[in-house]
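Scroll down for the structure; my scribbles are underneath it.
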Amino acid sequence: MFLLFKSVDQKTLGPIQVLGTWYDYKFGFIPDTHKDIIEYRHLKPRILAEEVATKWIFIDGYRGYISVRPGTPQNLALRVISSEESGDDKVKYYLTEDDMANTTLLIKEILRYRLDEIYDKRMLALNLNVSDLEYSSWEQQKAEALAFTSDNTSATPLLSTLASARGITVDEMVSKVISAIDAYTGSLSTLLAAKQLLEAEIKACQNIADCHRLMHNKFEISMSAAQMAEEGIDYGAKFDI
């Protein structure tokens with residue numbers, strides 16, 4: 001089993017083998033013989049196909065090749081230099097079509113992972129000013145309010161109690177809950193629509209260079225100086241999500 005997850009300390013990681021690191025992400029491995037034994041759910045990972053996960057070494061290869069030096073994880077995986085002794089010698093490894101396609105898929109997975117994290121936090125922020133007690137009663141309040149809106153003879157045990165405590169009528173209490181439902185739904189709709197626009201941009205990336213351009217323009221992850229020069233980009237990476 002191959003995993004993509006955010007970086008954690010060794011104690012939190014446990015026995016999961018780390019294959020590589022890119023920014024604040026890890027690429028991990030659990031043998032199939034132990035995937036039902038080793039705990040990994042706390043990492044909230046994305047499960048990847050082997051042919052995708054193992055392409056982390058090519059993430060920076062937007063030109064279709066990477067430079068490989070002795071004693072690096074890249075050479076350990078590719079074995080393009082026979083000696084692992086330290087030195088300045090390096091060779092170019094040219095990515096195959098499968099390498100490039102699977103690397104593109106991997107970067108897309110990373111970007112979706114990051115996008116999910118950002119929008120999950122934004123959704124959480126909608127509820128930050130709501131107490132646990134209020135939140136725990138919300139589903140019942142909604143159910144009673146919606147039922148009462150359809151049939152004003154419907155039982156409203158919770159809303160009747162709340163209305164009495166506030167010194168207002170049940171109709172007024174229902175109106176307040178319906179207004180809150182509409183406001184919350186509107187906020188969620190706005191978040192979801194914005195997220196889906198970014199998801200469409202991620203999906204539209206056809207190659208590694210496209211992914212790097214999107215990371216630079218939206219995710220505040222800088223593309224290489226070489227790609228910036230080639231494409232005439234004269235501004236720094238931006239966060240625009």
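Following the order of the structure tokens, first chain is A, next is B, and so on, with residues numbered from 1 inside each chain and ligands from 1 in the order they appear.
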
Write out as a VMD selection string each polymer residue whose atoms come within 8 Å of Val177 in chain A, counting only C-alpha atoms; drop sequence neighbours fewer than 2 positions from it.
-> chain A and resid 141 to 142 145 173 to 175 179 to 181

Gly61 in chain A environment, 12 Å, only C-alpha atoms, sequence neighbours closer than 2 positions dropped, as a ChimeraX atom specification | /A:55-59,63-68,74,92-96,99-101,103-104,107,207-212,223-224,226-227

May I have the selected residues written with C-alpha atoms, as an mmCIF file, in the first residue's frame?
```
data_model
loop_
_atom_site.group_PDB
_atom_site.id
_atom_site.type_symbol
_atom_site.label_atom_id
_atom_site.label_comp_id
_atom_site.auth_asym_id
_atom_site.auth_seq_id
_atom_site.Cartn_x
_atom_site.Cartn_y
_atom_site.Cartn_z
ATOM 1 C CA LYS A 55 7.156 8.918 -9.288
ATOM 2 C CA TRP A 56 7.809 11.486 -6.546
ATOM 3 C CA ILE A 57 11.430 11.555 -7.729
ATOM 4 C CA PHE A 58 10.246 13.138 -11.003
ATOM 5 C CA ILE A 59 8.074 15.936 -9.595
ATOM 6 C CA ARG A 63 11.579 19.524 -18.907
ATOM 7 C CA GLY A 64 11.269 15.779 -19.357
ATOM 8 C CA TYR A 65 14.445 14.862 -17.503
ATOM 9 C CA ILE A 66 16.065 15.068 -14.085
ATOM 10 C CA SER A 67 19.711 15.262 -13.063
ATOM 11 C CA VAL A 68 20.764 12.289 -10.968
ATOM 12 C CA GLN A 74 16.795 9.275 -7.196
ATOM 13 C CA LYS A 92 20.461 13.065 -16.998
ATOM 14 C CA TYR A 93 17.635 10.606 -16.731
ATOM 15 C CA TYR A 94 14.982 11.168 -19.397
ATOM 16 C CA LEU A 95 11.453 10.419 -18.293
ATOM 17 C CA THR A 96 9.435 7.944 -20.310
ATOM 18 C CA ASP A 99 6.935 8.467 -16.091
ATOM 19 C CA MET A 100 5.573 11.832 -17.199
ATOM 20 C CA ALA A 101 1.929 10.723 -17.169
ATOM 21 C CA THR A 103 4.135 12.109 -12.320
ATOM 22 C CA THR A 104 1.405 14.431 -13.565
ATOM 23 C CA ILE A 107 1.146 16.172 -8.601
ATOM 24 C CA ASN A 207 1.668 17.578 -18.024
ATOM 25 C CA ILE A 208 4.208 18.383 -15.314
ATOM 26 C CA ALA A 209 4.805 21.917 -16.603
ATOM 27 C CA ASP A 210 1.066 22.666 -16.434
ATOM 28 C CA CYS A 211 1.021 21.472 -12.830
ATOM 29 C CA HIS A 212 3.997 23.642 -11.906
ATOM 30 C CA MET A 223 8.033 26.937 -10.290
ATOM 31 C CA SER A 224 11.696 26.717 -11.204
ATOM 32 C CA ALA A 226 14.204 28.050 -15.657
ATOM 33 C CA GLN A 227 10.504 27.534 -16.319
#
```

Looking only at helix (DSSP H, G or I) from DSSP on the backbone, list the matching residues of range 17-181 of chain A as a VMD selection string.
-> chain A and resid 32 to 34 41 to 43 50 to 58 73 to 78 97 to 125 132 to 150 157 to 166 170 to 181

Taking the DSSP assignment computed from this structure's backbone, write out as JSON, numbers by chain all residues of range 40-241 of chain A that belong to strand (DSSP E).
-> {"A": [46, 47, 48, 65, 66, 67, 68, 91, 92, 93, 94]}

Once you have the residues from the selection above, write them out as an mmCIF file, in the first residue's frame, restricted to C-alpha atoms.
```cif
data_model
loop_
_atom_site.group_PDB
_atom_site.id
_atom_site.type_symbol
_atom_site.label_atom_id
_atom_site.label_comp_id
_atom_site.auth_asym_id
_atom_site.auth_seq_id
_atom_site.Cartn_x
_atom_site.Cartn_y
_atom_site.Cartn_z
ATOM 1 C CA ARG A 46 -4.533 9.465 0.161
ATOM 2 C CA ILE A 47 -4.021 5.930 -1.113
ATOM 3 C CA LEU A 48 -2.020 5.853 -4.340
ATOM 4 C CA TYR A 65 14.445 14.862 -17.503
ATOM 5 C CA ILE A 66 16.065 15.068 -14.085
ATOM 6 C CA SER A 67 19.711 15.262 -13.063
ATOM 7 C CA VAL A 68 20.764 12.289 -10.968
ATOM 8 C CA VAL A 91 23.750 12.160 -15.372
ATOM 9 C CA LYS A 92 20.461 13.065 -16.998
ATOM 10 C CA TYR A 93 17.635 10.606 -16.731
ATOM 11 C CA TYR A 94 14.982 11.168 -19.397
#
```

Across A:Ala147, A:Ser154, A:Ile37, A:Ile202, the smallest distance to Ile178 in chain A, with only C-alpha atoms counted, is shown by A:Ala147

Spatial neighbours of Gln140 in chain A, 10 Å, only C-alpha atoms, chain gap at least 3 places, as a PyMOL selection string | chain A and resi 135-137+143-146+156-159

Residues at most 8 Å from Phe239 in chain A, counting only C-alpha atoms, excluding those fewer than 6 positions away in the same chain, as a PyMOL selection string?
-> chain A and resi 217-220

Restricting to only C-alpha atoms, whichever of A:Thr21, A:Ser150, A:Thr72, A:Thr190 is closest to Arg122 in chain A is A:Thr190

Within 12 Å of range 40-45 of chain A, counting only C-alpha atoms, which residues show up once you throw out same-chain ones fewer than 4 positions away? Write them as a PyMOL selection string, please.
-> chain A and resi 1-9+12-17+25-30+34-36+109-110+112-114+116-117

Determine, counting only C-alpha atoms, which protein, DNA and RNA residues have an atom within 9 Å of an atom of Asp171 in chain A; residues of the same chain fewer than 3 positions away are not included. Present the result as an mmCIF file with N, CA and C atoms, in the first residue's frame.
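Contents of result18.cif, freshly written:
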```cif
data_model
loop_
_atom_site.group_PDB
_atom_site.id
_atom_site.type_symbol
_atom_site.label_atom_id
_atom_site.label_comp_id
_atom_site.auth_asym_id
_atom_site.auth_seq_id
_atom_site.Cartn_x
_atom_site.Cartn_y
_atom_site.Cartn_z
ATOM 1 N N PHE A 148 -42.056 22.184 10.539
ATOM 2 C CA PHE A 148 -43.056 23.195 10.908
ATOM 3 C C PHE A 148 -43.378 24.108 9.722
ATOM 4 N N THR A 149 -42.366 24.380 8.899
ATOM 5 C CA THR A 149 -42.586 25.211 7.714
ATOM 6 C C THR A 149 -43.544 24.537 6.745
ATOM 7 N N ASN A 152 -47.614 23.557 10.067
ATOM 8 C CA ASN A 152 -47.469 24.273 11.340
ATOM 9 C C ASN A 152 -48.124 23.587 12.527
ATOM 10 N N ALA A 163 -37.964 28.863 22.167
ATOM 11 C CA ALA A 163 -38.786 30.063 21.968
ATOM 12 C C ALA A 163 -39.275 30.603 23.306
ATOM 13 N N ILE A 168 -40.192 34.529 22.752
ATOM 14 C CA ILE A 168 -40.725 34.752 21.411
ATOM 15 C C ILE A 168 -41.643 33.599 21.047
ATOM 16 N N VAL A 174 -38.846 29.543 14.548
ATOM 17 C CA VAL A 174 -38.682 28.809 13.291
ATOM 18 C C VAL A 174 -38.077 29.719 12.229
ATOM 19 N N SER A 175 -38.570 30.968 12.164
ATOM 20 C CA SER A 175 -38.051 31.926 11.187
ATOM 21 C C SER A 175 -36.555 32.158 11.386
ATOM 22 N N LYS A 176 -36.120 32.262 12.647
ATOM 23 C CA LYS A 176 -34.695 32.457 12.930
ATOM 24 C C LYS A 176 -33.873 31.258 12.472
#
```

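You can rank A:Glu172, A:Glu51, A:Asp24, A:Glu199 by their closest distance to Asp98 in chain A using only C-alpha atoms, and at the top of that list sits A:Glu51.
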